$ cat upload_17.tsv   # TSV, N, CA and C atoms
chain	number	residue	atom	x	y	z
A	1	MET	N	-29.22	16.76	-23.66
A	1	MET	CA	-27.84	16.33	-23.57
A	1	MET	C	-27.81	14.88	-23.11
A	2	THR	N	-27.08	14.06	-23.79
A	2	THR	CA	-26.98	12.64	-23.46
A	2	THR	C	-25.64	12.37	-22.79
A	3	LEU	N	-25.69	11.74	-21.65
A	3	LEU	CA	-24.47	11.36	-20.95
A	3	LEU	C	-24.18	9.89	-21.22
A	4	ARG	N	-22.91	9.57	-21.31
A	4	ARG	CA	-22.56	8.17	-21.54
A	4	ARG	C	-22.78	7.37	-20.26
A	5	SER	N	-23.02	6.13	-20.41
A	5	SER	CA	-23.26	5.25	-19.28
A	5	SER	C	-21.96	5.01	-18.52
A	6	GLU	N	-22.05	4.93	-17.22
A	6	GLU	CA	-20.88	4.62	-16.40
A	6	GLU	C	-20.71	3.11	-16.23
A	7	THR	N	-21.62	2.34	-16.80
A	7	THR	CA	-21.51	0.89	-16.73
A	7	THR	C	-20.53	0.43	-17.80
A	8	PRO	N	-19.51	-0.32	-17.41
A	8	PRO	CA	-18.55	-0.78	-18.42
A	8	PRO	C	-19.20	-1.79	-19.37
A	9	PRO	N	-18.66	-1.94	-20.58
A	9	PRO	CA	-19.22	-2.89	-21.52
A	9	PRO	C	-18.93	-4.33	-21.11
A	10	PRO	N	-19.71	-5.29	-21.62
A	10	PRO	CA	-19.46	-6.68	-21.28
A	10	PRO	C	-18.08	-7.10	-21.71
A	11	PRO	N	-17.45	-8.01	-21.07
A	11	PRO	CA	-17.82	-8.76	-19.89
A	11	PRO	C	-17.47	-8.06	-18.58
A	12	ALA	N	-16.95	-6.83	-18.65
A	12	ALA	CA	-16.54	-6.14	-17.44
A	12	ALA	C	-17.73	-5.74	-16.57
A	13	ASN	N	-18.95	-5.76	-17.11
A	13	ASN	CA	-20.11	-5.39	-16.32
A	13	ASN	C	-20.67	-6.57	-15.53
A	14	LEU	N	-20.09	-7.73	-15.68
A	14	LEU	CA	-20.59	-8.91	-14.99
A	14	LEU	C	-20.02	-8.98	-13.58
A	15	PRO	N	-20.88	-9.17	-12.58
A	15	PRO	CA	-20.36	-9.32	-11.22
A	15	PRO	C	-19.55	-10.61	-11.11
A	16	CYS	N	-18.63	-10.61	-10.19
A	16	CYS	CA	-17.73	-11.75	-10.03
A	16	CYS	C	-17.86	-12.30	-8.62
A	17	ASP	N	-18.14	-13.57	-8.51
A	17	ASP	CA	-18.24	-14.21	-7.19
A	17	ASP	C	-16.85	-14.50	-6.66
A	18	PRO	N	-16.67	-14.43	-5.33
A	18	PRO	CA	-15.35	-14.75	-4.77
A	18	PRO	C	-15.03	-16.22	-4.96
A	19	PRO	N	-13.76	-16.53	-5.23
A	19	PRO	CA	-13.38	-17.94	-5.42
A	19	PRO	C	-13.36	-18.67	-4.08
A	20	PRO	N	-13.49	-19.98	-4.12
A	20	PRO	CA	-13.44	-20.74	-2.86
A	20	PRO	C	-12.02	-20.80	-2.31
A	21	ASP	N	-11.91	-21.03	-1.02
A	21	ASP	CA	-10.60	-21.23	-0.43
A	21	ASP	C	-10.07	-22.59	-0.85
A	22	SER	N	-8.75	-22.70	-0.86
A	22	SER	CA	-8.12	-23.91	-1.34
A	22	SER	C	-6.84	-24.17	-0.56
A	23	ASP	N	-6.43	-25.44	-0.49
A	23	ASP	CA	-5.16	-25.78	0.15
A	23	ASP	C	-3.98	-25.40	-0.74
A	24	ALA	N	-4.22	-25.35	-2.06
A	24	ALA	CA	-3.18	-24.96	-3.01
A	24	ALA	C	-3.74	-23.84	-3.89
A	25	PRO	N	-3.81	-22.61	-3.37
A	25	PRO	CA	-4.41	-21.53	-4.15
A	25	PRO	C	-3.55	-21.14	-5.36
A	26	THR	N	-4.22	-20.56	-6.34
A	26	THR	CA	-3.55	-20.16	-7.58
A	26	THR	C	-3.65	-18.65	-7.74
A	27	ALA	N	-2.88	-18.12	-8.70
A	27	ALA	CA	-2.93	-16.70	-9.01
A	27	ALA	C	-4.32	-16.31	-9.53
A	28	ALA	N	-5.00	-17.24	-10.19
A	28	ALA	CA	-6.35	-16.96	-10.68
A	28	ALA	C	-7.31	-16.74	-9.52
A	29	GLN	N	-7.11	-17.47	-8.41
A	29	GLN	CA	-7.95	-17.26	-7.24
A	29	GLN	C	-7.67	-15.90	-6.59
A	30	LEU	N	-6.41	-15.47	-6.60
A	30	LEU	CA	-6.06	-14.15	-6.09
A	30	LEU	C	-6.73	-13.08	-6.95
A	31	LYS	N	-6.70	-13.24	-8.26
A	31	LYS	CA	-7.37	-12.29	-9.15
A	31	LYS	C	-8.87	-12.32	-8.91
A	32	GLY	N	-9.42	-13.50	-8.64
A	32	GLY	CA	-10.84	-13.60	-8.32
A	32	GLY	C	-11.20	-12.86	-7.04
A	33	ASP	N	-10.30	-12.90	-6.05
A	33	ASP	CA	-10.53	-12.13	-4.82
A	33	ASP	C	-10.59	-10.64	-5.12
A	34	ILE	N	-9.68	-10.17	-5.95
A	34	ILE	CA	-9.64	-8.75	-6.30
A	34	ILE	C	-10.88	-8.37	-7.10
A	35	ASP	N	-11.23	-9.17	-8.12
A	35	ASP	CA	-12.38	-8.87	-8.97
A	35	ASP	C	-13.70	-8.94	-8.22
A	36	SER	N	-13.79	-9.78	-7.20
A	36	SER	CA	-15.04	-9.93	-6.47
A	36	SER	C	-15.26	-8.81	-5.46
A	37	GLY	N	-14.26	-7.96	-5.27
A	37	GLY	CA	-14.38	-6.88	-4.30
A	37	GLY	C	-13.99	-7.29	-2.90
A	38	ARG	N	-13.52	-8.50	-2.73
A	38	ARG	CA	-13.16	-9.02	-1.42
A	38	ARG	C	-11.99	-8.26	-0.79
A	39	THR	N	-11.13	-7.67	-1.63
A	39	THR	CA	-9.96	-6.95	-1.12
A	39	THR	C	-10.26	-5.48	-0.86
A	40	ALA	N	-11.43	-5.01	-1.20
A	40	ALA	CA	-11.87	-3.62	-1.03
A	40	ALA	C	-11.03	-2.65	-1.85
A	41	ASP	N	-10.36	-3.15	-2.90
A	41	ASP	CA	-9.57	-2.28	-3.78
A	41	ASP	C	-10.41	-1.69	-4.90
A	42	LYS	N	-11.43	-2.41	-5.32
A	42	LYS	CA	-12.21	-1.98	-6.46
A	42	LYS	C	-13.64	-2.48	-6.34
A	43	THR	N	-14.48	-1.99	-7.20
A	43	THR	CA	-15.86	-2.44	-7.19
A	43	THR	C	-15.92	-3.88	-7.69
A	44	PRO	N	-16.88	-4.63	-7.23
A	44	PRO	CA	-16.92	-6.06	-7.58
A	44	PRO	C	-17.41	-6.33	-8.99
A	45	HIS	N	-16.51	-6.23	-9.95
A	45	HIS	CA	-16.79	-6.57	-11.35
A	45	HIS	C	-15.54	-7.16	-11.96
A	46	MET	N	-15.74	-7.93	-13.03
A	46	MET	CA	-14.60	-8.54	-13.71
A	46	MET	C	-13.68	-7.46	-14.28
A	47	ASP	N	-12.40	-7.71	-14.23
A	47	ASP	CA	-11.42	-6.81	-14.80
A	47	ASP	C	-10.68	-7.58	-15.89
A	48	ILE	N	-10.87	-7.14	-17.11
A	48	ILE	CA	-10.26	-7.83	-18.24
A	48	ILE	C	-8.82	-7.33	-18.36
A	49	GLY	N	-7.88	-8.22	-18.22
A	49	GLY	CA	-6.48	-7.86	-18.31
A	49	GLY	C	-5.85	-8.42	-19.57
A	50	ALA	N	-4.80	-7.77	-20.04
A	50	ALA	CA	-4.11	-8.25	-21.23
A	50	ALA	C	-3.39	-9.56	-20.92
A	51	ALA	N	-2.85	-9.66	-19.72
A	51	ALA	CA	-2.16	-10.88	-19.30
A	51	ALA	C	-2.67	-11.26	-17.91
A	52	PRO	N	-3.04	-12.50	-17.71
A	52	PRO	CA	-3.52	-12.92	-16.40
A	52	PRO	C	-2.46	-12.71	-15.31
A	53	LEU	N	-2.92	-12.55	-14.10
A	53	LEU	CA	-2.04	-12.37	-12.96
A	53	LEU	C	-1.10	-13.56	-12.84
A	54	GLY	N	0.19	-13.30	-12.69
A	54	GLY	CA	1.18	-14.36	-12.56
A	54	GLY	C	1.83	-14.78	-13.86
A	55	THR	N	1.40	-14.19	-14.98
A	55	THR	CA	1.95	-14.58	-16.28
A	55	THR	C	3.44	-14.26	-16.39
A	56	CYS	N	3.83	-13.08	-15.91
A	56	CYS	CA	5.24	-12.68	-16.01
A	56	CYS	C	6.14	-13.62	-15.21
A	57	GLU	N	5.67	-14.02	-14.03
A	57	GLU	CA	6.46	-14.93	-13.22
A	57	GLU	C	6.61	-16.29	-13.90
A	58	GLU	N	5.53	-16.76	-14.49
A	58	GLU	CA	5.59	-18.04	-15.19
A	58	GLU	C	6.52	-17.96	-16.39
A	59	ALA	N	6.45	-16.85	-17.13
A	59	ALA	CA	7.32	-16.69	-18.30
A	59	ALA	C	8.78	-16.60	-17.89
A	60	GLY	N	9.04	-16.08	-16.70
A	60	GLY	CA	10.41	-15.99	-16.20
A	60	GLY	C	10.91	-17.28	-15.58
A	61	GLY	N	10.05	-18.30	-15.53
A	61	GLY	CA	10.45	-19.60	-15.00
A	61	GLY	C	10.30	-19.74	-13.49
A	62	THR	N	9.69	-18.75	-12.84
A	62	THR	CA	9.50	-18.83	-11.39
A	62	THR	C	8.04	-18.53	-11.04
A	63	PRO	N	7.13	-19.45	-11.38
A	63	PRO	CA	5.73	-19.19	-11.04
A	63	PRO	C	5.55	-19.12	-9.53
A	64	PRO	N	4.57	-18.34	-9.06
A	64	PRO	CA	4.38	-18.25	-7.61
A	64	PRO	C	3.96	-19.60	-7.03
A	65	THR	N	4.51	-19.92	-5.88
A	65	THR	CA	4.15	-21.17	-5.21
A	65	THR	C	2.80	-21.00	-4.54
A	66	PRO	N	2.11	-22.11	-4.26
A	66	PRO	CA	0.84	-21.99	-3.54
A	66	PRO	C	0.99	-21.26	-2.20
A	67	GLN	N	2.12	-21.45	-1.53
A	67	GLN	CA	2.34	-20.76	-0.25
A	67	GLN	C	2.41	-19.25	-0.46
A	68	GLU	N	3.11	-18.80	-1.52
A	68	GLU	CA	3.20	-17.37	-1.81
A	68	GLU	C	1.83	-16.79	-2.15
A	69	VAL	N	1.06	-17.54	-2.93
A	69	VAL	CA	-0.28	-17.08	-3.30
A	69	VAL	C	-1.18	-17.05	-2.06
A	70	ARG	N	-1.05	-18.03	-1.18
A	70	ARG	CA	-1.85	-18.06	0.05
A	70	ARG	C	-1.55	-16.83	0.90
A	71	ILE	N	-0.27	-16.49	1.04
A	71	ILE	CA	0.12	-15.30	1.82
A	71	ILE	C	-0.43	-14.04	1.16
A	72	ALA	N	-0.33	-13.96	-0.18
A	72	ALA	CA	-0.84	-12.79	-0.90
A	72	ALA	C	-2.35	-12.67	-0.71
A	73	ARG	N	-3.08	-13.80	-0.79
A	73	ARG	CA	-4.54	-13.76	-0.60
A	73	ARG	C	-4.89	-13.31	0.81
A	74	GLN	N	-4.15	-13.80	1.81
A	74	GLN	CA	-4.42	-13.39	3.19
A	74	GLN	C	-4.14	-11.90	3.38
A	75	ASN	N	-3.03	-11.42	2.82
A	75	ASN	CA	-2.68	-10.00	2.96
A	75	ASN	C	-3.67	-9.10	2.23
A	76	GLU	N	-4.09	-9.51	1.05
A	76	GLU	CA	-5.02	-8.69	0.28
A	76	GLU	C	-6.41	-8.66	0.92
A	77	ARG	N	-6.80	-9.76	1.54
A	77	ARG	CA	-8.12	-9.83	2.15
A	77	ARG	C	-8.14	-9.30	3.58
A	78	ALA	N	-7.00	-8.87	4.10
A	78	ALA	CA	-6.96	-8.36	5.46
A	78	ALA	C	-7.89	-7.15	5.56
A	79	PRO	N	-8.83	-7.17	6.50
A	79	PRO	CA	-9.78	-6.06	6.56
A	79	PRO	C	-9.11	-4.78	7.05
A	80	SER	N	-9.36	-3.72	6.35
A	80	SER	CA	-8.85	-2.42	6.78
A	80	SER	C	-9.97	-1.68	7.51
A	81	GLU	N	-9.60	-0.65	8.20
A	81	GLU	CA	-10.58	0.14	8.94
A	81	GLU	C	-11.60	0.78	8.01
A	82	ARG	N	-11.13	1.30	6.86
A	82	ARG	CA	-12.04	1.93	5.91
A	82	ARG	C	-12.99	0.91	5.30
A	83	ALA	N	-12.49	-0.26	4.96
A	83	ALA	CA	-13.34	-1.27	4.34
A	83	ALA	C	-14.39	-1.76	5.33
A	84	ALA	N	-14.01	-1.87	6.61
A	84	ALA	CA	-14.95	-2.33	7.62
A	84	ALA	C	-16.08	-1.32	7.81
A	85	LYS	N	-15.78	-0.05	7.63
A	85	LYS	CA	-16.81	0.99	7.78
A	85	LYS	C	-17.62	1.18	6.50
A	86	GLY	N	-17.24	0.49	5.44
A	86	GLY	CA	-17.96	0.63	4.18
A	86	GLY	C	-17.61	1.92	3.45
A	87	TYR	N	-16.45	2.50	3.73
A	87	TYR	CA	-16.05	3.78	3.16
A	87	TYR	C	-15.57	3.65	1.72
A	88	VAL	N	-14.96	2.53	1.39
A	88	VAL	CA	-14.34	2.38	0.08
A	88	VAL	C	-15.41	2.33	-1.01
A	89	HIS	N	-15.22	3.11	-2.05
A	89	HIS	CA	-16.06	3.14	-3.24
A	89	HIS	C	-17.50	3.56	-2.96
A	90	GLN	N	-17.71	4.34	-1.94
A	90	GLN	CA	-19.06	4.83	-1.69
A	90	GLN	C	-19.04	6.34	-1.69
A	91	ARG	N	-20.12	6.91	-2.14
A	91	ARG	CA	-20.22	8.36	-2.20
A	91	ARG	C	-20.35	8.94	-0.79
A	92	GLN	N	-19.76	10.09	-0.62
A	92	GLN	CA	-19.86	10.80	0.65
A	92	GLN	C	-20.70	12.06	0.39
A	93	PRO	N	-21.88	12.18	1.01
A	93	PRO	CA	-22.78	13.29	0.69
A	93	PRO	C	-22.26	14.67	1.09
A	94	TRP	N	-21.27	14.75	1.94
A	94	TRP	CA	-20.76	16.04	2.40
A	94	TRP	C	-19.67	16.61	1.50
A	95	VAL	N	-19.14	15.83	0.58
A	95	VAL	CA	-18.00	16.28	-0.22
A	95	VAL	C	-18.39	17.40	-1.19
A	96	LEU	N	-19.46	17.23	-1.94
A	96	LEU	CA	-19.86	18.24	-2.92
A	96	LEU	C	-20.25	19.56	-2.26
A	97	PRO	N	-21.08	19.57	-1.22
A	97	PRO	CA	-21.38	20.85	-0.56
A	97	PRO	C	-20.13	21.53	0.01
A	98	LEU	N	-19.19	20.76	0.54
A	98	LEU	CA	-17.96	21.34	1.05
A	98	LEU	C	-17.16	21.97	-0.09
A	99	TYR	N	-17.06	21.29	-1.20
A	99	TYR	CA	-16.33	21.80	-2.36
A	99	TYR	C	-16.97	23.09	-2.86
A	100	VAL	N	-18.28	23.10	-3.02
A	100	VAL	CA	-18.98	24.30	-3.48
A	100	VAL	C	-18.81	25.43	-2.47
A	101	GLY	N	-18.87	25.11	-1.18
A	101	GLY	CA	-18.68	26.12	-0.15
A	101	GLY	C	-17.31	26.76	-0.21
A	102	ILE	N	-16.29	25.95	-0.45
A	102	ILE	CA	-14.92	26.48	-0.56
A	102	ILE	C	-14.80	27.40	-1.77
A	103	ILE	N	-15.38	27.01	-2.89
A	103	ILE	CA	-15.34	27.83	-4.10
A	103	ILE	C	-16.07	29.15	-3.87
A	104	VAL	N	-17.26	29.11	-3.25
A	104	VAL	CA	-18.02	30.33	-2.98
A	104	VAL	C	-17.27	31.23	-2.00
A	105	ALA	N	-16.68	30.64	-0.95
A	105	ALA	CA	-15.91	31.43	0.02
A	105	ALA	C	-14.70	32.09	-0.65
A	106	ALA	N	-14.03	31.37	-1.54
A	106	ALA	CA	-12.89	31.95	-2.24
A	106	ALA	C	-13.33	33.09	-3.15
A	107	ALA	N	-14.45	32.92	-3.84
A	107	ALA	CA	-14.96	33.98	-4.72
A	107	ALA	C	-15.37	35.21	-3.91
A	108	LEU	N	-16.05	35.00	-2.78
A	108	LEU	CA	-16.44	36.12	-1.92
A	108	LEU	C	-15.21	36.82	-1.35
A	109	GLY	N	-14.23	36.04	-0.92
A	109	GLY	CA	-13.00	36.62	-0.39
A	109	GLY	C	-12.28	37.45	-1.43
A	110	LEU	N	-12.16	36.94	-2.63
A	110	LEU	CA	-11.51	37.66	-3.71
A	110	LEU	C	-12.29	38.93	-4.06
A	111	GLY	N	-13.61	38.80	-4.11
A	111	GLY	CA	-14.46	39.97	-4.37
A	111	GLY	C	-14.30	41.03	-3.29
A	112	LEU	N	-14.25	40.61	-2.03
A	112	LEU	CA	-14.08	41.54	-0.91
A	112	LEU	C	-12.73	42.25	-1.00
A	113	VAL	N	-11.68	41.51	-1.29
A	113	VAL	CA	-10.34	42.11	-1.42
A	113	VAL	C	-10.32	43.12	-2.56
A	114	LEU	N	-10.90	42.78	-3.70
A	114	LEU	CA	-10.93	43.70	-4.83
A	114	LEU	C	-11.78	44.94	-4.51
A	115	TRP	N	-12.89	44.77	-3.80
A	115	TRP	CA	-13.75	45.90	-3.44
A	115	TRP	C	-13.06	46.83	-2.45
A	116	LEU	N	-12.32	46.25	-1.49
A	116	LEU	CA	-11.64	47.07	-0.48
A	116	LEU	C	-10.41	47.79	-1.04
A	117	THR	N	-9.78	47.25	-2.07
A	117	THR	CA	-8.59	47.89	-2.64
A	117	THR	C	-8.92	48.94	-3.70
A	118	ARG	N	-10.16	49.13	-4.03
A	118	ARG	CA	-10.57	50.14	-5.03
A	118	ARG	C	-10.47	51.48	-4.47

$ encode --input "upload_17.tsv" --output "structure tokens"
Amino acid sequence: MTLRSETPPPPANLPCDPPPDSDAPTAAQLKGDIDSGRTADKTPHMDIGAAPLGTCEEAGGTPPTPQEVRIARQNERAPSERAAKGYVHQRQPWVLPLYVGIIVAAALGLGLVLWLTR
């Protein structure tokens, strides 16, 4: 049996370096923060989007100001407790045994109830 690869096709499989800080940050730098994994929202790989971040605002005539982007970058990069512990996007070895244990306990319980009601 052949399983498909979990690695996304290029260019999404390319790691993304975090963008440098700037006095006048752009929406592209905010997207770079997200793609690099700096915000702990996703794994650090490029995310190909149909429209770049901030496109809708620009089309509406109100592009984000550097101050708004700076605030967004600071808020997105704010360390959370889970990210600090390395919990985000990492496997937890206790989850699968717990899941299997719950399924086995439910099956045994159901079997016991059916056996006792006979």

$ closest_residue --input "upload_17.tsv" --among "A:Arg38, A:Ile71, A:Trp115, A:Glu57" --to "A:Pro20" --atoms "only C-alpha atoms"
A:Arg38

$ closest_residue --input "upload_17.tsv" --among "A:Pro19, A:Pro93, A:Pro10, A:Pro52" --to "A:Gly32" --atoms "only C-alpha atoms"
A:Pro19

$ residues_near_point --input "upload_17.tsv" --point "(-18.3, -7.8, -16.7)" --cutoff "12 Å" --atoms "only C-alpha atoms" --output "ChimeraX atom specification"
/A:7-17,35-36,43-49

$ atom_distance --input "upload_17.tsv" --atom1 "atom CA of A:Pro25" --atom2 "atom N of A:Val69"
6.9 Å

$ atom_distance --input "upload_17.tsv" --atom1 "atom N of A:Asp21" --atom2 "atom C of A:Glu76"
13.7 Å

$ atom_distance --input "upload_17.tsv" --atom1 "atom CA of A:Trp94" --atom2 "atom CA of A:Leu112"
26.6 Å

$ closest_residue --input "upload_17.tsv" --among "A:Ala27, A:Val100, A:Ile34, A:Ala40" --to "A:Thr55" --atoms "all atoms listed in the file"
A:Ala27

$ closest_residue --input "upload_17.tsv" --among "A:Gly111, A:Gly101, A:Pro66, A:Gly60" --to "A:Ala28" --atoms "only C-alpha atoms"
A:Pro66

$ closest_residue --input "upload_17.tsv" --among "A:Cys56, A:Ala72, A:Val104, A:Ala51" --to "A:Asp33" --atoms "only C-alpha atoms"
A:Ala72

$ closest_residue --input "upload_17.tsv" --among "A:Leu110, A:Leu96, A:Ala105, A:Leu53" --to "A:Leu30" --atoms "only C-alpha atoms"
A:Leu53
